[in-house]
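J.: Before we start, here is the structure in question, set down as structure tokens.
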Amino acid sequence: MVPADSCPFDQPRDCAVFVTREVLDRAEPILLVTHDSDDCGWQFIGSSRGTVESGRIIGLGEAVQLDPSVLQLADLPVGWHAFRESVRSPWKREAVGDHRTI
């Protein structure tokens, strides 16, 4: 667990982020993380397609508690997303619209 006073993301731990209801309810793992270019916001999405209806707002620190592996993505550039096939798969990074992966 990350200490309460530490946050490697470009936003504070109490920053509002989007998550799907399924991820929040732990019915699905986080499989897609986006770092939005329009507002530098973060989204944490499971295997279901995120919709306005399934969207929830939580603190960034809560997203880390749901899945500490997202800490690996703290340096994800704005305008990029990371994805994986399952919780056992490594994260892949890609510039949105550019299809460059790292």
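Residue numbering restarts at 1 in every chain; chains get A, B, ... in the order shown in the structure tokens, and ligands count up from 1 in that same order.
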Going by DSSP on the backbone, which bits of chain A are helix (DSSP H, G or I)? Write them as a ChimeraX atom specification, please.

T.: /A:21-24,60-66,68-73

J.: How would the residues just picked look written out with C-alpha atoms as a PDB file, in the first residue's frame?

T.:
```pdb
ATOM      1  CA  ARG A  21     -19.531   0.753 -11.452  1.00  0.00           C
ATOM      2  CA  GLU A  22     -18.290  -2.766 -12.213  1.00  0.00           C
ATOM      3  CA  VAL A  23     -14.734  -1.868 -11.187  1.00  0.00           C
ATOM      4  CA  LEU A  24     -15.924  -0.048  -8.070  1.00  0.00           C
ATOM      5  CA  LEU A  60      -7.418   8.636  -7.158  1.00  0.00           C
ATOM      6  CA  GLY A  61      -6.199   7.005  -3.952  1.00  0.00           C
ATOM      7  CA  GLU A  62      -9.299   4.802  -3.930  1.00  0.00           C
ATOM      8  CA  ALA A  63      -8.505   3.632  -7.473  1.00  0.00           C
ATOM      9  CA  VAL A  64      -5.032   2.650  -6.280  1.00  0.00           C
ATOM     10  CA  GLN A  65      -6.594   0.712  -3.404  1.00  0.00           C
ATOM     11  CA  LEU A  66      -8.846  -1.141  -5.854  1.00  0.00           C
ATOM     12  CA  PRO A  68      -2.302  -1.234  -6.705  1.00  0.00           C
ATOM     13  CA  SER A  69      -0.864  -2.309 -10.079  1.00  0.00           C
ATOM     14  CA  VAL A  70      -2.113   1.001 -11.510  1.00  0.00           C
ATOM     15  CA  LEU A  71       0.814   2.611  -9.681  1.00  0.00           C
ATOM     16  CA  GLN A  72       2.911   1.300 -12.582  1.00  0.00           C
ATOM     17  CA  LEU A  73       1.006   3.789 -14.757  1.00  0.00           C
TER      18      LEU A  73
END
```

J.: Can you pull out every residue within 10 Å of Lys92 (chain A), counting only C-alpha atoms, but drop anything in the same chain fewer than 3 positions away, and send it as a PyMOL selection string?

T.: chain A and resi 32+73+81-85+89+101-102

J.: Write a file of the just-selected residues containing N, CA, C and O atoms, as a PDB file, in the first residue's frame.

T.:
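The resulting again34.pdb:
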```
ATOM      1  N   LEU A  32      -8.280  -1.075 -18.418  1.00  0.00           N
ATOM      2  CA  LEU A  32      -7.990   0.086 -19.257  1.00  0.00           C
ATOM      3  C   LEU A  32      -7.867   1.316 -18.370  1.00  0.00           C
ATOM      4  O   LEU A  32      -8.735   1.573 -17.531  1.00  0.00           O
ATOM      5  N   LEU A  73       1.433   2.887 -13.687  1.00  0.00           N
ATOM      6  CA  LEU A  73       1.006   3.789 -14.757  1.00  0.00           C
ATOM      7  C   LEU A  73       1.038   5.258 -14.344  1.00  0.00           C
ATOM      8  O   LEU A  73       0.585   6.117 -15.087  1.00  0.00           O
ATOM      9  N   HIS A  81      -3.180   5.922 -23.132  1.00  0.00           N
ATOM     10  CA  HIS A  81      -3.904   4.969 -22.307  1.00  0.00           C
ATOM     11  C   HIS A  81      -3.061   3.710 -22.171  1.00  0.00           C
ATOM     12  O   HIS A  81      -2.112   3.497 -22.922  1.00  0.00           O
ATOM     13  N   ALA A  82      -3.401   2.914 -21.161  1.00  0.00           N
ATOM     14  CA  ALA A  82      -2.734   1.636 -20.932  1.00  0.00           C
ATOM     15  C   ALA A  82      -3.825   0.580 -20.836  1.00  0.00           C
ATOM     16  O   ALA A  82      -4.928   0.847 -20.347  1.00  0.00           O
ATOM     17  N   PHE A  83      -3.496  -0.605 -21.308  1.00  0.00           N
ATOM     18  CA  PHE A  83      -4.488  -1.677 -21.316  1.00  0.00           C
ATOM     19  C   PHE A  83      -3.789  -3.011 -21.106  1.00  0.00           C
ATOM     20  O   PHE A  83      -2.577  -3.137 -21.266  1.00  0.00           O
ATOM     21  N   ARG A  84      -4.578  -3.992 -20.718  1.00  0.00           N
ATOM     22  CA  ARG A  84      -4.081  -5.349 -20.551  1.00  0.00           C
ATOM     23  C   ARG A  84      -5.228  -6.324 -20.759  1.00  0.00           C
ATOM     24  O   ARG A  84      -6.400  -5.958 -20.643  1.00  0.00           O
ATOM     25  N   GLU A  85      -4.906  -7.553 -21.076  1.00  0.00           N
ATOM     26  CA  GLU A  85      -5.916  -8.578 -21.339  1.00  0.00           C
ATOM     27  C   GLU A  85      -6.555  -9.082 -20.051  1.00  0.00           C
ATOM     28  O   GLU A  85      -7.746  -9.383 -20.010  1.00  0.00           O
ATOM     29  N   SER A  89      -1.770 -10.155 -17.053  1.00  0.00           N
ATOM     30  CA  SER A  89      -1.067  -9.647 -18.235  1.00  0.00           C
ATOM     31  C   SER A  89      -0.352  -8.342 -17.907  1.00  0.00           C
ATOM     32  O   SER A  89      -0.803  -7.577 -17.057  1.00  0.00           O
ATOM     33  N   THR A 101       2.863   1.884 -29.192  1.00  0.00           N
ATOM     34  CA  THR A 101       2.831   1.198 -27.906  1.00  0.00           C
ATOM     35  C   THR A 101       4.217   1.124 -27.316  1.00  0.00           C
ATOM     36  O   THR A 101       5.218   1.125 -28.019  1.00  0.00           O
ATOM     37  N   ILE A 102       4.256   1.087 -25.983  1.00  0.00           N
ATOM     38  CA  ILE A 102       5.519   0.860 -25.270  1.00  0.00           C
ATOM     39  C   ILE A 102       5.256  -0.124 -24.161  1.00  0.00           C
ATOM     40  O   ILE A 102       4.164  -0.346 -23.746  1.00  0.00           O
TER      41      ILE A 102
END
```

J.: As a list of chain:residue names, please: the residues near region 43-55 of chain A (cut-off 6 Å, only C-alpha atoms, same-chain neighbours under 5 positions excluded).

T.: A:Val17, A:Phe18, A:Val19, A:Thr20, A:Arg21, A:Val23, A:Glu28, A:Pro29, A:Ile30, A:Leu31, A:Leu32, A:Val33, A:Thr34

J.: Please report, as a PDB file with C-alpha atoms, in the first residue's frame, each residue of region 6-100 of chain A to which DSSP assigns strand (DSSP E or B) when run on this structure's backbone.

T.:
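To be explicit, this is the file written out as states15.pdb:
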```
ATOM      1  CA  ALA A  16     -11.655  12.940  -8.573  1.00  0.00           C
ATOM      2  CA  VAL A  17     -11.261  10.205 -11.185  1.00  0.00           C
ATOM      3  CA  PHE A  18     -13.732   8.185 -13.204  1.00  0.00           C
ATOM      4  CA  VAL A  19     -14.263   4.486 -12.653  1.00  0.00           C
ATOM      5  CA  THR A  20     -16.965   2.127 -13.869  1.00  0.00           C
ATOM      6  CA  LEU A  32      -7.990   0.086 -19.257  1.00  0.00           C
ATOM      7  CA  VAL A  33      -6.554   3.287 -17.811  1.00  0.00           C
ATOM      8  CA  THR A  34      -6.700   6.584 -19.678  1.00  0.00           C
ATOM      9  CA  HIS A  35      -4.918   9.852 -18.951  1.00  0.00           C
ATOM     10  CA  TRP A  42      -7.802   9.698 -15.209  1.00  0.00           C
ATOM     11  CA  GLN A  43     -10.262   6.900 -16.012  1.00  0.00           C
ATOM     12  CA  PHE A  44     -10.147   3.320 -14.712  1.00  0.00           C
ATOM     13  CA  ILE A  45     -12.299   0.918 -16.731  1.00  0.00           C
ATOM     14  CA  GLY A  55     -19.553   5.920 -14.532  1.00  0.00           C
ATOM     15  CA  ARG A  56     -18.715   6.693 -10.923  1.00  0.00           C
ATOM     16  CA  ILE A  57     -16.406   9.277  -9.372  1.00  0.00           C
ATOM     17  CA  ILE A  58     -13.926   8.285  -6.688  1.00  0.00           C
ATOM     18  CA  GLY A  59     -10.634   9.605  -5.387  1.00  0.00           C
ATOM     19  CA  TRP A  80      -2.157   8.050 -23.583  1.00  0.00           C
ATOM     20  CA  HIS A  81      -3.904   4.969 -22.307  1.00  0.00           C
ATOM     21  CA  ALA A  82      -2.734   1.636 -20.932  1.00  0.00           C
ATOM     22  CA  PHE A  83      -4.488  -1.677 -21.316  1.00  0.00           C
ATOM     23  CA  LYS A  92       0.725  -2.009 -22.588  1.00  0.00           C
ATOM     24  CA  ARG A  93       0.846   1.722 -23.249  1.00  0.00           C
ATOM     25  CA  GLU A  94      -0.376   3.509 -26.329  1.00  0.00           C
ATOM     26  CA  ALA A  95      -0.755   7.100 -27.439  1.00  0.00           C
TER      27      ALA A  95
END
```

J.: Please determine, counting only C-alpha atoms, which residue among A:Val78, A:Ser86, A:Trp91, A:Gly97 has the shortest atom-to-atom distance to Ser37 (chain A).

T.: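 Ranking A:Val78, A:Ser86, A:Trp91, A:Gly97 by distance to Ser37 (chain A), first place goes to A:Val78.
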